[in-house]
Amino acid sequence: MRIILPLICLLTVVSSCDNTDGLFGHSKSKQEAKANGSSIAEYFPNKSTFKLLDGTEMKIDTAWTEVSFTYKNGNRILDSSYGYHFSIPVENDSLENFTFTLSLADKTNQMFTNPGPGKEGLCQLCPKSLFDNMKVLLEQKNTDTSKGWLNPIITDTIIFIRIKAS
């Protein structure tokens, strides 16, 4: 079940990137979100470089948020009742290997999630509400091949702190 859920979430968000009526979407960049009328909040991580269990290095950058949206007649409809997209830019040499996931520590604040970064290097978390501090768990595939994603290992809690506009 732990393997199936992340894959379902990944497929849900990947399939939602088109503009078919009723589907959810997310912007591929802060600039795109701003251009489409969403207000943006930025969050700085308390740690940005991680040595992963598979020997690779992962880097994350400043996260940004936008209001969730759906499509109707090919147009974006902003709707905060579906929560927010908390977009975390991720760099890793082997993104396609899916050896780690990111998720909100507060599961009660989670609308739905796409824990693994897609091809664009963004991990999309979807909180119901935004707070000044957002805690995100880094969970990694167990290197014991008999356990893998059946017994993943939480290796870090990353605290994202909202950047105050000046």
# chains A, B, ... in the order shown; residues from 1 in each chain; ligands from 1
>>> residues_around(residues="Phe50 in chain A", least_positions_apart="3", cutoff="10 Å", atoms="only C-alpha atoms", output="list in words")
Lys47, Leu53, Thr56, Glu57, Met58, Lys59, Ile60, Asn92, Leu138, Thr155 and Asp156 of chain A
>>> residues_around(residues="Gly121 in chain A", least_positions_apart="5", cutoff="7 Å", atoms="only C-alpha atoms", output="list in words")
Pro89, Val90 and Glu91 of chain A
>>> atom_distance(atom1="CA of Asp54 in chain A", atom2="CA of Leu137 in chain A")
17.3 Å
>>> select_by_dssp(residues="range 38-106 of chain A", states="strand (DSSP E)", output="number ranges by chain")
A: 41-45, 49-51, 57-60, 63-67, 69-72, 75-78, 84-92, 100-104
>>> residues_around(residues="range 42-46 of chain A", least_positions_apart="4", cutoff="12 Å", atoms="only C-alpha atoms", output="MDAnalysis selection string")
chainID A and resid 30 50 59:66 85:90 130:137 156:165
>>> residues_around(residues="Thr143 in chain A", least_positions_apart="5", cutoff="12 Å", atoms="only C-alpha atoms", output="list in words")
Leu52, Leu53, Asp54, Gly55, Thr99, Phe100, Gly148, Trp149, Leu150, Asn151, Pro152 and Ile153 of chain A
>>> atom_distance(atom1="CA of Asn36 in chain A", atom2="CA of Asp106 in chain A")
28.7 Å
>>> closest_residue(among="A:Asn97, A:Lys51, A:Asn75, A:Lys128", to="Phe112 in chain A", atoms="only C-alpha atoms")
A:Lys128
>>> atom_distance(atom1="CA of Gln140 in chain A", atom2="CA of Ile40 in chain A")
29.1 Å
>>> closest_residue(among="A:Ser68, A:Asn73, A:Asn142, A:Ser39", to="Thr101 in chain A", atoms="only C-alpha atoms")
A:Asn142
